[in-house]
>>> print(open('work04.csv').read())   # CSV, C-alpha atoms and all ligand atoms
chain,number,residue,atom,x,y,z
G,1,MET,CA,32.8,-86.9,57.1
G,2,ILE,CA,30.3,-84.6,58.8
G,3,LEU,CA,31.2,-81.9,56.3
G,4,ALA,CA,30.5,-84.3,53.4
G,5,GLY,CA,27.1,-85.1,54.9
G,6,VAL,CA,26.1,-81.3,55.3
G,7,VAL,CA,27.1,-80.6,51.7
G,8,GLY,CA,25.1,-83.6,50.6
G,9,VAL,CA,21.9,-82.3,52.4
G,10,VAL,CA,22.3,-78.7,51.1
G,11,LEU,CA,22.8,-79.9,47.6
G,12,GLY,CA,19.8,-82.2,47.8
G,13,ALA,CA,17.6,-79.4,49.1
G,14,LEU,CA,18.8,-77.1,46.3
G,15,ILE,CA,18.2,-79.7,43.6
G,16,THR,CA,14.6,-80.3,45.0
G,17,TYR,CA,13.9,-76.6,45.0
G,18,VAL,CA,15.1,-76.0,41.5
G,19,TRP,CA,13.2,-79.1,40.2
G,20,ARG,CA,10.0,-77.9,41.9
G,21,PHE,CA,10.4,-74.3,40.6
G,22,SER,CA,10.9,-75.5,37.0
G,23,GLU,CA,7.9,-77.8,37.3
G,24,ARG,CA,5.8,-74.8,38.5
G,25,ARG,CA,7.1,-72.6,35.6
G,26,GLN,CA,6.1,-75.4,33.1
G,27,HIS,CA,2.4,-75.1,34.3
G,28,GLU,CA,2.3,-71.3,34.2
G,29,VAL,CA,0.7,-69.5,31.2
G,30,PRO,CA,3.4,-67.4,29.4
G,31,PRO,CA,2.7,-63.7,30.1
G,32,GLU,CA,1.1,-61.6,27.2
G,33,PRO,CA,3.4,-59.0,25.7
G,34,ALA,CA,2.7,-55.5,27.2
G,35,PRO,CA,0.5,-53.4,24.9
G,36,LEU,CA,2.5,-50.8,23.0
G,37,VAL,CA,0.1,-48.0,24.0
G,38,PRO,CA,-0.4,-48.1,27.8
G,39,PRO,CA,-4.0,-48.7,28.9
G,40,GLY,CA,-5.9,-45.5,29.4
G,41,ALA,CA,-3.4,-43.4,27.4
G,42,GLU,CA,-5.7,-43.5,24.3
G,43,SER,CA,-8.7,-42.0,26.1
G,44,VAL,CA,-6.5,-39.4,27.7
G,45,LEU,CA,-5.2,-38.3,24.3
G,46,SER,CA,-8.6,-38.2,22.8
G,47,VAL,CA,-9.8,-35.6,25.3
G,48,LEU,CA,-6.8,-33.3,25.1
G,49,SER,CA,-7.5,-30.1,23.3
G,50,SER,CA,-3.9,-29.8,22.1
G,51,SER,CA,-2.5,-32.1,19.4
G,52,ALA,CA,-1.1,-35.3,20.8
G,53,VAL,CA,1.0,-37.8,18.9
G,54,LEU,CA,2.7,-41.1,20.0
G,55,VAL,CA,5.8,-42.2,18.1
G,56,ASP,CA,7.4,-45.6,18.4
G,57,THR,CA,11.1,-46.6,18.2
G,58,SER,CA,10.9,-46.9,14.4
G,59,ASP,CA,9.7,-43.2,14.1
G,60,THR,CA,6.2,-44.4,13.2
G,61,VAL,CA,3.2,-42.6,14.5
G,62,VAL,CA,1.2,-45.2,16.3
G,63,LYS,CA,-1.5,-42.8,17.6
G,64,ALA,CA,-2.5,-39.2,16.9
G,65,SER,CA,-5.4,-37.1,18.1
G,66,ALA,CA,-7.7,-35.4,15.6
G,67,PRO,CA,-6.2,-31.9,16.3
G,68,ALA,CA,-2.8,-33.2,15.4
G,69,TYR,CA,-4.0,-34.1,11.9
G,70,ALA,CA,-5.9,-30.7,11.7
G,71,LEU,CA,-2.7,-28.9,12.6
G,72,GLY,CA,-0.9,-30.8,9.8
G,73,ILE,CA,2.0,-32.2,11.9
G,74,VAL,CA,1.1,-35.8,11.0
G,75,HIS,CA,1.2,-37.2,7.5
G,76,HIS,CA,0.0,-40.8,7.1
G,77,ASP,CA,2.0,-42.5,9.8
G,78,THR,CA,5.0,-40.1,10.2
G,79,LEU,CA,5.6,-36.7,11.8
G,80,GLY,CA,5.6,-34.0,9.1
G,81,PRO,CA,8.0,-31.3,10.4
G,82,PRO,CA,11.6,-32.6,10.4
G,83,GLU,CA,12.5,-30.4,13.4
G,84,LEU,CA,9.8,-32.2,15.4
G,85,MET,CA,11.1,-35.7,14.3
G,86,GLU,CA,14.6,-34.6,15.4
G,87,LEU,CA,13.3,-33.6,18.8
G,88,VAL,CA,11.6,-37.0,19.2
G,89,ARG,CA,14.9,-38.8,18.4
G,90,GLN,CA,16.8,-36.7,21.0
G,91,VAL,CA,14.2,-37.4,23.6
G,92,ARG,CA,14.4,-41.1,22.8
G,93,ARG,CA,18.1,-41.1,23.2
G,94,ASP,CA,18.4,-39.4,26.6
G,95,GLY,CA,14.9,-39.5,28.1
G,96,GLN,CA,14.9,-35.7,28.7
G,97,VAL,CA,11.7,-33.8,28.2
G,98,ARG,CA,12.1,-31.1,25.6
G,99,GLU,CA,10.2,-28.0,24.5
G,100,ALA,CA,10.5,-26.0,21.3
G,101,ASP,CA,8.8,-23.3,19.3
G,102,LEU,CA,8.5,-24.2,15.7
G,103,THR,CA,7.4,-22.5,12.5
G,104,ILE,CA,5.6,-24.9,10.3
G,105,GLN,CA,4.9,-24.3,6.6
G,106,PRO,CA,2.2,-26.7,5.7
G,107,ALA,CA,1.7,-27.9,2.1
G,108,ARG,CA,-1.5,-25.9,2.0
G,109,GLY,CA,-2.4,-22.8,4.0
G,110,SER,CA,-0.3,-20.3,5.8
G,111,THR,CA,2.6,-20.5,8.1
G,112,GLN,CA,1.8,-21.8,11.6
G,113,HIS,CA,3.5,-21.2,14.9
G,114,VAL,CA,3.6,-24.3,17.1
G,115,ARG,CA,4.8,-24.9,20.6
G,116,ALA,CA,5.8,-28.5,21.0
G,117,ARG,CA,6.6,-30.5,24.2
G,118,VAL,CA,8.2,-33.9,23.7
G,119,ALA,CA,8.5,-36.5,26.5
G,120,PRO,CA,9.2,-40.2,26.9
G,121,LEU,CA,6.0,-42.1,27.7
G,122,THR,CA,7.2,-45.7,27.9
G,123,SER,CA,10.5,-47.3,26.9
G,124,ARG,CA,9.1,-47.7,23.4
G,125,LEU,CA,7.0,-44.6,22.9
G,126,VAL,CA,7.6,-40.9,22.8
G,127,LEU,CA,4.7,-38.4,23.4
G,128,VAL,CA,4.5,-35.2,21.4
G,129,LEU,CA,2.1,-32.5,22.5
G,130,ALA,CA,1.8,-29.5,20.1
G,131,GLU,CA,-0.1,-26.3,20.6
G,132,ASP,CA,-1.1,-24.0,17.8
G,133,ARG,CA,0.1,-20.6,18.8
G,134,THR,CA,-0.5,-18.9,15.5
G,135,LYS,CA,-3.6,-16.9,16.6
G,136,SER,CA,-2.3,-16.1,20.1
G,137,GLU,CA,1.0,-14.8,18.6
G,138,ARG,CA,-0.9,-12.6,16.1
G,139,VAL,CA,-3.1,-11.2,18.9
G,140,GLU,CA,0.0,-10.6,21.0
G,141,ALA,CA,1.7,-8.8,18.1
G,142,ILE,CA,-1.4,-6.6,17.6
G,143,ARG,CA,-1.5,-5.8,21.3
G,144,ARG,CA,2.2,-4.8,21.3
G,145,ASP,CA,1.6,-2.7,18.3
G,146,PHE,CA,-1.5,-1.0,19.8
G,147,VAL,CA,0.3,-0.2,23.1
G,148,ALA,CA,3.2,1.3,21.1
G,149,ASN,CA,0.9,3.4,19.0
G,150,VAL,CA,-1.2,4.6,22.0
G,151,SER,CA,1.9,5.7,23.8
G,152,HIS,CA,3.1,7.5,20.7
G,153,GLU,CA,-0.2,9.2,20.1
G,154,LEU,CA,-0.6,10.3,23.7
G,155,LYS,CA,2.9,11.9,23.7
G,156,THR,CA,1.9,14.5,21.1
G,157,PRO,CA,-0.9,16.3,23.0
G,158,ILE,CA,0.8,15.8,26.4
G,159,GLY,CA,4.0,17.4,24.9
G,160,ALA,CA,2.0,20.2,23.5
G,161,LEU,CA,0.2,20.9,26.8
G,162,ASN,CA,3.5,20.9,28.5
G,163,LEU,CA,5.0,23.5,26.2
G,164,LEU,CA,1.8,25.7,26.3
G,165,ALA,CA,1.8,25.6,30.1
G,166,GLU,CA,5.4,26.9,30.1
G,167,ALA,CA,4.5,29.6,27.5
G,168,VAL,CA,1.6,30.8,29.7
G,169,GLY,CA,3.9,31.1,32.6
G,170,GLU,CA,6.4,33.2,30.6
G,171,ALA,CA,3.7,35.4,29.1
G,172,LYS,CA,2.2,36.5,32.4
G,173,ASP,CA,2.6,40.1,31.5
G,174,ASP,CA,0.9,39.7,28.1
G,175,PRO,CA,-2.8,39.0,28.6
G,176,GLU,CA,-3.5,38.5,24.9
G,177,ALA,CA,-0.8,35.8,24.6
G,178,VAL,CA,-2.2,34.2,27.8
G,179,VAL,CA,-5.7,34.0,26.2
G,180,ARG,CA,-4.2,32.6,22.9
G,181,PHE,CA,-2.2,30.0,24.7
G,182,SER,CA,-5.0,29.0,27.0
G,183,SER,CA,-7.3,28.4,24.0
G,184,ARG,CA,-4.7,26.2,22.4
G,185,MET,CA,-4.4,24.3,25.7
G,186,HIS,CA,-8.1,23.8,25.5
G,187,VAL,CA,-7.8,22.3,22.0
G,188,GLU,CA,-5.0,20.0,23.0
G,189,SER,CA,-6.8,18.8,26.1
G,190,GLU,CA,-9.9,18.1,24.0
G,191,ARG,CA,-7.8,16.1,21.7
G,192,LEU,CA,-6.4,14.2,24.6
G,193,THR,CA,-9.9,13.5,26.0
G,194,ARG,CA,-11.2,12.4,22.6
G,195,LEU,CA,-8.2,10.1,22.1
G,196,VAL,CA,-8.5,8.5,25.5
G,197,GLN,CA,-12.3,8.0,25.0
G,198,GLN,CA,-11.7,6.4,21.6
G,199,ILE,CA,-9.0,4.1,23.0
G,200,ILE,CA,-11.5,3.0,25.8
G,201,ASP,CA,-14.3,2.5,23.2
G,202,LEU,CA,-12.0,0.5,21.0
G,203,SER,CA,-10.6,-1.7,23.7
G,204,ARG,CA,-14.2,-2.6,24.7
G,205,LEU,CA,-15.0,-3.5,21.1
G,206,GLN,CA,-12.0,-5.5,20.2
G,207,ASN,CA,-13.5,-9.0,20.6
G,208,ASP,CA,-16.4,-8.2,18.2
G,209,VAL,CA,-18.7,-10.0,20.6
G,210,LEU,CA,-22.4,-9.1,20.5
G,211,SER,CA,-23.1,-6.5,23.2
G,212,ASP,CA,-25.2,-7.4,26.3
G,213,ASP,CA,-26.8,-3.9,26.2
G,214,ALA,CA,-28.8,-4.4,23.0
G,215,THR,CA,-32.0,-2.4,22.7
G,216,THR,CA,-34.3,-1.5,19.9
G,217,ILE,CA,-33.1,1.7,18.3
G,218,LYS,CA,-35.1,3.9,15.9
G,219,VAL,CA,-32.8,4.7,13.0
G,220,ASP,CA,-34.2,8.2,12.5
G,221,GLU,CA,-33.3,9.1,16.1
G,222,LEU,CA,-29.8,7.6,15.7
G,223,VAL,CA,-29.2,9.7,12.6
G,224,ALA,CA,-30.6,12.9,14.2
G,225,GLU,CA,-28.3,12.5,17.2
G,226,ALA,CA,-25.2,11.9,15.0
G,227,CYS,CA,-26.0,15.0,12.9
G,228,GLU,CA,-26.6,17.0,16.1
G,229,HIS,CA,-23.1,15.9,17.3
G,230,SER,CA,-21.5,17.6,14.2
G,231,ALA,CA,-23.9,20.5,13.8
G,232,THR,CA,-21.5,23.2,15.2
G,233,ASP,CA,-18.6,22.0,12.9
G,234,ALA,CA,-20.9,21.8,9.9
G,235,GLU,CA,-22.3,25.2,10.5
G,236,ALA,CA,-18.8,26.7,10.9
G,237,LYS,CA,-17.9,25.3,7.5
G,238,HIS,CA,-21.3,26.2,5.9
G,239,ILE,CA,-21.9,22.5,5.2
G,240,ALA,CA,-25.5,21.5,4.7
G,241,VAL,CA,-26.3,18.1,6.1
G,242,ALA,CA,-29.3,16.6,4.3
G,243,VAL,CA,-31.2,13.7,6.0
G,244,ASP,CA,-33.4,11.2,4.2
G,245,VAL,CA,-34.4,8.3,6.4
G,246,GLN,CA,-37.1,5.8,5.5
G,247,PRO,CA,-39.8,5.9,8.2
G,248,ASP,CA,-40.1,3.2,10.9
G,249,LEU,CA,-36.7,1.7,10.4
G,250,GLN,CA,-35.3,0.0,13.5
G,251,VAL,CA,-32.2,-1.9,14.4
G,252,HIS,CA,-31.4,-3.9,17.5
G,253,GLY,CA,-28.0,-3.1,19.1
G,254,ASP,CA,-25.9,-1.2,21.6
G,255,ARG,CA,-27.2,2.3,21.5
G,256,ALA,CA,-23.9,3.9,22.7
G,257,GLN,CA,-21.8,2.0,20.2
G,258,LEU,CA,-24.0,2.7,17.3
G,259,HIS,CA,-24.2,6.4,18.2
G,260,ALA,CA,-20.4,6.5,18.3
G,261,ALA,CA,-20.2,4.8,14.9
G,262,VAL,CA,-22.7,7.0,13.0
G,263,SER,CA,-21.3,10.1,14.7
G,264,ASN,CA,-17.8,9.2,13.5
G,265,LEU,CA,-19.1,8.8,9.9
G,266,VAL,CA,-20.9,12.2,9.9
G,267,GLU,CA,-17.9,13.9,11.7
G,268,ASN,CA,-15.5,12.5,9.0
G,269,ALA,CA,-17.8,13.7,6.2
G,270,VAL,CA,-17.8,17.2,7.6
G,271,THR,CA,-14.0,17.1,8.5
G,272,TYR,CA,-12.8,15.9,5.1
G,273,SER,CA,-15.0,18.2,3.0
G,274,PRO,CA,-14.3,21.8,2.0
G,275,ASP,CA,-16.3,24.8,3.0
G,276,GLY,CA,-19.8,24.8,1.5
G,277,ALA,CA,-19.7,21.1,0.7
G,278,LYS,CA,-22.8,18.8,0.9
G,279,VAL,CA,-23.2,15.9,3.2
G,280,ALA,CA,-26.1,13.5,3.0
G,281,VAL,CA,-27.3,10.9,5.5
G,282,THR,CA,-29.7,8.3,4.2
G,283,ALA,CA,-31.2,5.1,5.5
G,284,GLU,CA,-33.3,2.5,3.7
G,285,LEU,CA,-34.4,-1.1,4.1
G,286,ARG,CA,-32.9,-3.6,1.6
G,287,ASP,CA,-33.1,-7.4,1.9
G,288,GLU,CA,-33.8,-7.4,5.6
G,289,ASP,CA,-30.9,-5.0,6.2
G,290,VAL,CA,-30.9,-1.4,7.2
G,291,ARG,CA,-28.4,0.5,5.0
G,292,LEU,CA,-27.3,3.7,6.6
G,293,THR,CA,-25.2,5.8,4.3
G,294,VAL,CA,-23.2,8.9,5.0
G,295,SER,CA,-22.0,10.6,1.7
G,296,ASP,CA,-20.0,13.7,1.1
G,297,ASN,CA,-18.6,15.5,-1.9
G,298,GLY,CA,-15.3,16.1,-0.1
G,299,ILE,CA,-11.6,15.3,-0.8
G,300,GLY,CA,-12.2,11.6,-1.3
G,301,ILE,CA,-9.7,8.7,-0.6
G,302,PRO,CA,-7.3,7.2,-3.1
G,303,SER,CA,-8.2,3.6,-3.9
G,304,ALA,CA,-4.9,2.3,-2.7
G,305,GLU,CA,-5.7,3.7,0.8
G,306,LEU,CA,-9.2,2.3,1.0
G,307,GLU,CA,-8.1,-1.0,2.5
G,308,ARG,CA,-6.1,0.6,5.2
G,309,ILE,CA,-8.4,3.4,6.5
G,310,PHE,CA,-10.1,1.0,8.9
G,311,GLU,CA,-6.8,0.1,10.6
G,312,ARG,CA,-6.2,1.7,14.0
G,313,PHE,CA,-4.3,5.0,13.9
G,314,TYR,CA,-4.1,4.9,10.1
G,315,ARG,CA,-4.6,8.3,8.4
G,316,VAL,CA,-4.3,9.0,4.7
G,317,ASP,CA,-2.6,12.4,5.4
G,318,PRO,CA,-1.1,12.4,8.9
G,319,ALA,CA,-0.1,16.2,8.6
G,320,ARG,CA,-3.7,17.1,7.8
G,321,ALA,CA,-5.0,14.9,10.6
G,322,ARG,CA,-2.9,16.8,13.1
G,323,ALA,CA,-4.6,20.0,12.0
G,324,THR,CA,-8.1,18.5,12.0
G,325,GLY,CA,-7.5,16.8,15.4
G,326,GLY,CA,-8.1,13.3,13.9
G,327,THR,CA,-7.0,10.4,15.9
G,328,GLY,CA,-7.1,7.7,13.2
G,329,LEU,CA,-9.3,5.6,15.4
G,330,GLY,CA,-12.8,6.6,14.2
G,331,LEU,CA,-13.2,4.2,11.3
G,332,SER,CA,-11.6,1.4,13.3
G,333,ILE,CA,-14.4,2.0,15.9
G,334,VAL,CA,-17.0,2.0,13.1
G,335,LYS,CA,-15.8,-1.4,11.8
G,336,HIS,CA,-15.8,-3.0,15.2
G,337,VAL,CA,-19.2,-1.6,16.1
G,338,ALA,CA,-20.6,-3.0,12.9
G,339,ALA,CA,-19.2,-6.4,13.6
G,340,SER,CA,-20.3,-6.3,17.3
G,341,ASN,CA,-23.9,-5.5,16.2
G,342,GLY,CA,-24.1,-8.2,13.5
G,343,GLY,CA,-23.4,-5.9,10.6
G,344,SER,CA,-20.7,-4.7,8.3
G,345,VAL,CA,-19.4,-1.5,6.7
G,346,GLU,CA,-18.9,-0.7,3.0
G,347,VAL,CA,-17.0,2.2,1.5
G,348,TRP,CA,-16.9,3.9,-1.9
G,349,SER,CA,-14.6,6.9,-2.6
G,350,GLU,CA,-13.0,8.8,-5.4
G,351,PRO,CA,-10.4,11.5,-4.9
G,352,GLY,CA,-11.8,14.9,-5.7
G,353,LEU,CA,-15.4,13.5,-5.9
G,354,GLY,CA,-16.2,12.4,-2.4
G,355,SER,CA,-16.8,9.4,-0.2
G,356,SER,CA,-19.7,7.3,0.9
G,357,PHE,CA,-19.7,5.0,3.9
G,358,THR,CA,-22.5,2.5,4.4
G,359,LEU,CA,-23.3,0.8,7.7
G,360,VAL,CA,-25.2,-2.4,7.0
G,361,LEU,CA,-27.2,-3.6,10.1
G,362,PRO,CA,-29.8,-6.3,10.4
G,363,SER,CA,-33.2,-4.7,10.4
G,364,TYR,CA,-35.4,-5.1,13.5
G,365,SER,CA,-39.0,-4.8,12.7
G,366,VAL,CA,-41.9,-3.8,14.9
G,367,ASP,CA,-43.1,-7.4,14.7
G,368,ASP,CA,-39.7,-8.6,16.1
G,369,ASP,CA,-40.3,-6.2,19.0
G,370,ARG,CA,-43.8,-7.6,19.7
G,371,ALA,CA,-42.5,-11.1,19.6
G,372,ASP,CA,-39.8,-10.2,22.1
G,373,ILE,CA,-42.3,-8.5,24.5
G,374,ALA,CA,-44.6,-11.6,24.3
G,375,GLU,CA,-41.7,-13.9,25.1
G,376,GLU,CA,-40.7,-11.7,28.1
G,377,THR,CA,-44.2,-11.6,29.5
G,378,ALA,CA,-44.9,-15.3,28.9
G,401,LIG,P1,-9.4,10.3,11.8
G,401,LIG,O1,-9.6,10.5,13.3
G,401,LIG,O2,-8.1,10.6,11.4
G,401,LIG,O3,-10.5,10.9,11.0
G,401,LIG,P2,-10.6,7.8,11.0
G,401,LIG,O4,-10.3,6.4,11.4
G,401,LIG,O5,-12.0,8.2,11.2
G,401,LIG,O6,-9.5,8.7,11.7
G,401,LIG,O7,-10.3,7.9,9.4
G,401,LIG,C1,-9.0,7.4,8.9
G,401,LIG,C2,-8.6,8.2,7.7
G,401,LIG,O8,-9.5,8.0,6.6
G,401,LIG,C3,-8.6,9.7,8.0
G,401,LIG,O9,-7.4,10.2,8.6
G,401,LIG,C4,-8.8,10.2,6.6
G,401,LIG,O10,-7.6,10.3,5.9
G,401,LIG,C5,-9.7,9.2,5.9
G,401,LIG,N1,-11.1,9.5,5.8
G,401,LIG,C6,-12.1,9.0,6.7
G,401,LIG,N2,-13.3,9.5,6.3
G,401,LIG,C7,-13.1,10.3,5.2
G,401,LIG,C8,-14.0,11.0,4.3
G,401,LIG,N3,-15.3,11.1,4.6
G,401,LIG,N4,-13.4,11.6,3.3
G,401,LIG,C9,-12.1,11.6,3.1
G,401,LIG,N5,-11.2,10.9,3.8
G,401,LIG,C10,-11.7,10.2,4.9
>>> encode(input="work04.csv", output="structure tokens", more="lines below")
Ligand code: ADP
Amino acid sequence: MILAGVVGVVLGALITYVWRFSERRQHEVPPEPAPLVPPGAESVLSVLSSSAVLVDTSDTVVKASAPAYALGIVHHDTLGPPELMELVRQVRRDGQVREADLTIQPARGSTQHVRARVAPLTSRLVLVLAEDRTKSERVEAIRRDFVANVSHELKTPIGALNLLAEAVGEAKDDPEAVVRFSSRMHVESERLTRLVQQIIDLSRLQNDVLSDDATTIKVDELVAEACEHSATDAEAKHIAVAVDVQPDLQVHGDRAQLHAAVSNLVENAVTYSPDGAKVAVTAELRDEDVRLTVSDNGIGIPSAELERIFERFYRVDPARARATGGTGLGLSIVKHVAASNGGSVEVWSEPGLGSSFTLVLPSYSVDDDRADIAEETA
């Protein structure tokens, strides 16, 4: 009897609770469906420098940042590269973050290397972050190549010095041989010094950024210094260096860099010309540019090689370069100096007739100079 009473009370309380709860629920506003893209996600995606894409459960792109379109991984409302789409599906299946390096061949343009990171964002969305690695991979490949070349180039003079040092030791009773070997050691150590200096020059120039050490440079002085640099070699080969520089020409740039560039051009003209050849250095103003030309009537360069001579360590005739002490870095330095000083370099050459290299640099007039001084003193 007592038990029946207790059960009745408990049941009554339960019914009252359920009735009240359901009444309360009837008065509540039904909750709005959660937005597909979480609040704040859009503004985060818009400030990301890498490409960001949100893909829903039907493989549709619901949001993509501008870099994602620029990179070409989104076409209309789908992900372009099938490998990327497959990655999204895998992530959706098991919720694991994935990373992959992909090579993308866009409809237009060249192959691109992309590093993608794919992660679940919500139960309905997968986030794809993609970074264009094309440029950095190219730079890395160039760097690897450069280091390999440098090591190879350094080995030659170091190896020669090693052998010569041994030879001097063995020839201690032959003073003539000692003198001969020591002069060859001198040549090799000079080659080494030149190579190291050029490698340093080049590594400073690689970024083609405008130099901080820009000053006003008189072109006639620049030419005179470059000719002086090769005077001994020219004299030894009976090569006359004729100079014709328009008066009052000025450029604005890094003196040491421009000196290295013009000296390299004059040095090459002397090196790659036979005894008694003629070298001419001219400079004139044309369309606001100073055109500084170094011409020779030397061996010339085959047209097929003209594209490659500005590459680092490239020589048309490696055997001859060994004899002349060439490093294959001179013209590469000239090209980077031109770019770092707002100019360019042009070449004309014909085998057997000669070569002509023109450094084109923006002219800097005396008026520009006055304006600069006025600005500084204001
Ligand atoms: P190198 O130290 O070998 O002279 P450069 O970079 O200055 O290196 O030149 C690259 C190559 O271009 C040279 O090895 C040479 O074959 C060719 N070259 C450069 N200047 C001349 C020139 N004035 N006449 C003929 N060949 C030249």
>>> residues_near_ligand(input="work04.csv", ligand="ligand LIG 401 (chain G)", cutoff="6 Å", atoms="only C-alpha atoms and all ligand atoms", output="list in words")
Asn268, Ala269, Tyr272, Gly298, Ile299, Gly300, Ile301, Ile309, Phe310, Tyr314, Arg315, Val316, Asp317, Ala321, Gly326, Thr327, Gly328, Leu329, Gly330, Leu331, Ser332 and Ser355 of chain G
>>> write_last_selection(input="work04.csv", atoms="C-alpha atoms", output="tab-separated table (two decimals), in the coordinates of the input")
chain	number	residue	atom	x	y	z
G	268	ASN	CA	-15.50	12.50	9.00
G	269	ALA	CA	-17.80	13.70	6.20
G	272	TYR	CA	-12.80	15.90	5.10
G	298	GLY	CA	-15.30	16.10	-0.10
G	299	ILE	CA	-11.60	15.30	-0.80
G	300	GLY	CA	-12.20	11.60	-1.30
G	301	ILE	CA	-9.70	8.70	-0.60
G	309	ILE	CA	-8.40	3.40	6.50
G	310	PHE	CA	-10.10	1.00	8.90
G	314	TYR	CA	-4.10	4.90	10.10
G	315	ARG	CA	-4.60	8.30	8.40
G	316	VAL	CA	-4.30	9.00	4.70
G	317	ASP	CA	-2.60	12.40	5.40
G	321	ALA	CA	-5.00	14.90	10.60
G	326	GLY	CA	-8.10	13.30	13.90
G	327	THR	CA	-7.00	10.40	15.90
G	328	GLY	CA	-7.10	7.70	13.20
G	329	LEU	CA	-9.30	5.60	15.40
G	330	GLY	CA	-12.80	6.60	14.20
G	331	LEU	CA	-13.20	4.20	11.30
G	332	SER	CA	-11.60	1.40	13.30
G	355	SER	CA	-16.80	9.40	-0.20
>>> atom_distance(input="work04.csv", atom1="CA of Arg191 in chain G", atom2="CA of Arg143 in chain G")
22.8 Å
>>> residues_around(input="work04.csv", residues="His252 in chain G", least_positions_apart="5", cutoff="10 Å", atoms="all atoms listed in the file", output="list in words")
Asp213, Ala214, Thr215, Thr216, Ile217, Lys218, Val219, Leu258, Asn341, Gly342, Leu361, Pro362, Ser363, Tyr364, Ser365, Asp368 and Asp369 of chain G
>>> atom_distance(input="work04.csv", atom1="CA of Val241 in chain G", atom2="CA of Glu350 in chain G")
19.9 Å
>>> closest_residue(input="work04.csv", among="G:Met85, G:Arg93, G:Val128, G:Ala224", to="Ser50 in chain G", atoms="only C-alpha atoms")
G:Val128
>>> residues_around(input="work04.csv", residues="range 279-287 of chain G", least_positions_apart="5", cutoff="10 Å", atoms="only C-alpha atoms", output="JSON, numbers by chain")
{"G": [219, 220, 223, 224, 226, 227, 234, 239, 240, 241, 242, 243, 244, 245, 246, 247, 248, 249, 250, 262, 265, 266, 269, 270, 273, 292, 293, 294, 295, 296, 297, 298, 354, 355, 356, 357, 358, 359, 360, 361, 362, 363]}
>>> closest_residue(input="work04.csv", among="G:Thr57, G:Lys135, G:Ile104, G:Leu161", to="Leu121 in chain G", atoms="all atoms listed in the file")
G:Thr57
>>> atom_distance(input="work04.csv", atom1="CA of Val62 in chain G", atom2="CA of Gln105 in chain G")
23.3 Å
>>> residues_around(input="work04.csv", residues="range 335-338 of chain G", least_positions_apart="4", cutoff="6 Å", atoms="all atoms listed in the file", output="short mmCIF file (atom, residue, chain, number, x, y, z; two decimals) with C-alpha atoms, keeping the file's coordinate frame")
data_model
loop_
_atom_site.label_atom_id
_atom_site.label_comp_id
_atom_site.auth_asym_id
_atom_site.auth_seq_id
_atom_site.Cartn_x
_atom_site.Cartn_y
_atom_site.Cartn_z
CA LEU G 205 -15.00 -3.50 21.10
CA GLY G 343 -23.40 -5.90 10.60
CA SER G 344 -20.70 -4.70 8.30
#
>>> residues_around(input="work04.csv", residues="Ala171 in chain G", least_positions_apart="6", cutoff="12 Å", atoms="only C-alpha atoms", output="list in words")
Leu164, Ala165, Ala177, Val178, Val179, Arg180, Phe181 and Ser182 of chain G
>>> closest_residue(input="work04.csv", among="G:Pro81, G:Val61, G:Arg320, G:Glu307", to="Glu346 in chain G", atoms="all atoms listed in the file")
G:Glu307
>>> residues_around(input="work04.csv", residues="range 74-77 of chain G", least_positions_apart="5", cutoff="9 Å", atoms="only C-alpha atoms", output="ChimeraX atom specification")
/G:53,59-64,68-69
>>> closest_residue(input="work04.csv", among="G:His152, G:Asp132, G:Thr111, G:Leu127", to="Pro67 in chain G", atoms="only C-alpha atoms")
G:Asp132
>>> axis_aligned_box(input="work04.csv", around="range 253-260 of chain G", padding_each_side="8 Å", output="AutoDock Vina command-line options")
--center_x -24.2 --center_y 1.7 --center_z 20.0 --size_x 23.6 --size_y 25.6 --size_z 21.4
>>> closest_residue(input="work04.csv", among="G:Glu131, G:Glu137, G:Glu86, G:Asp101", to="Ala52 in chain G", atoms="only C-alpha atoms")
G:Glu131
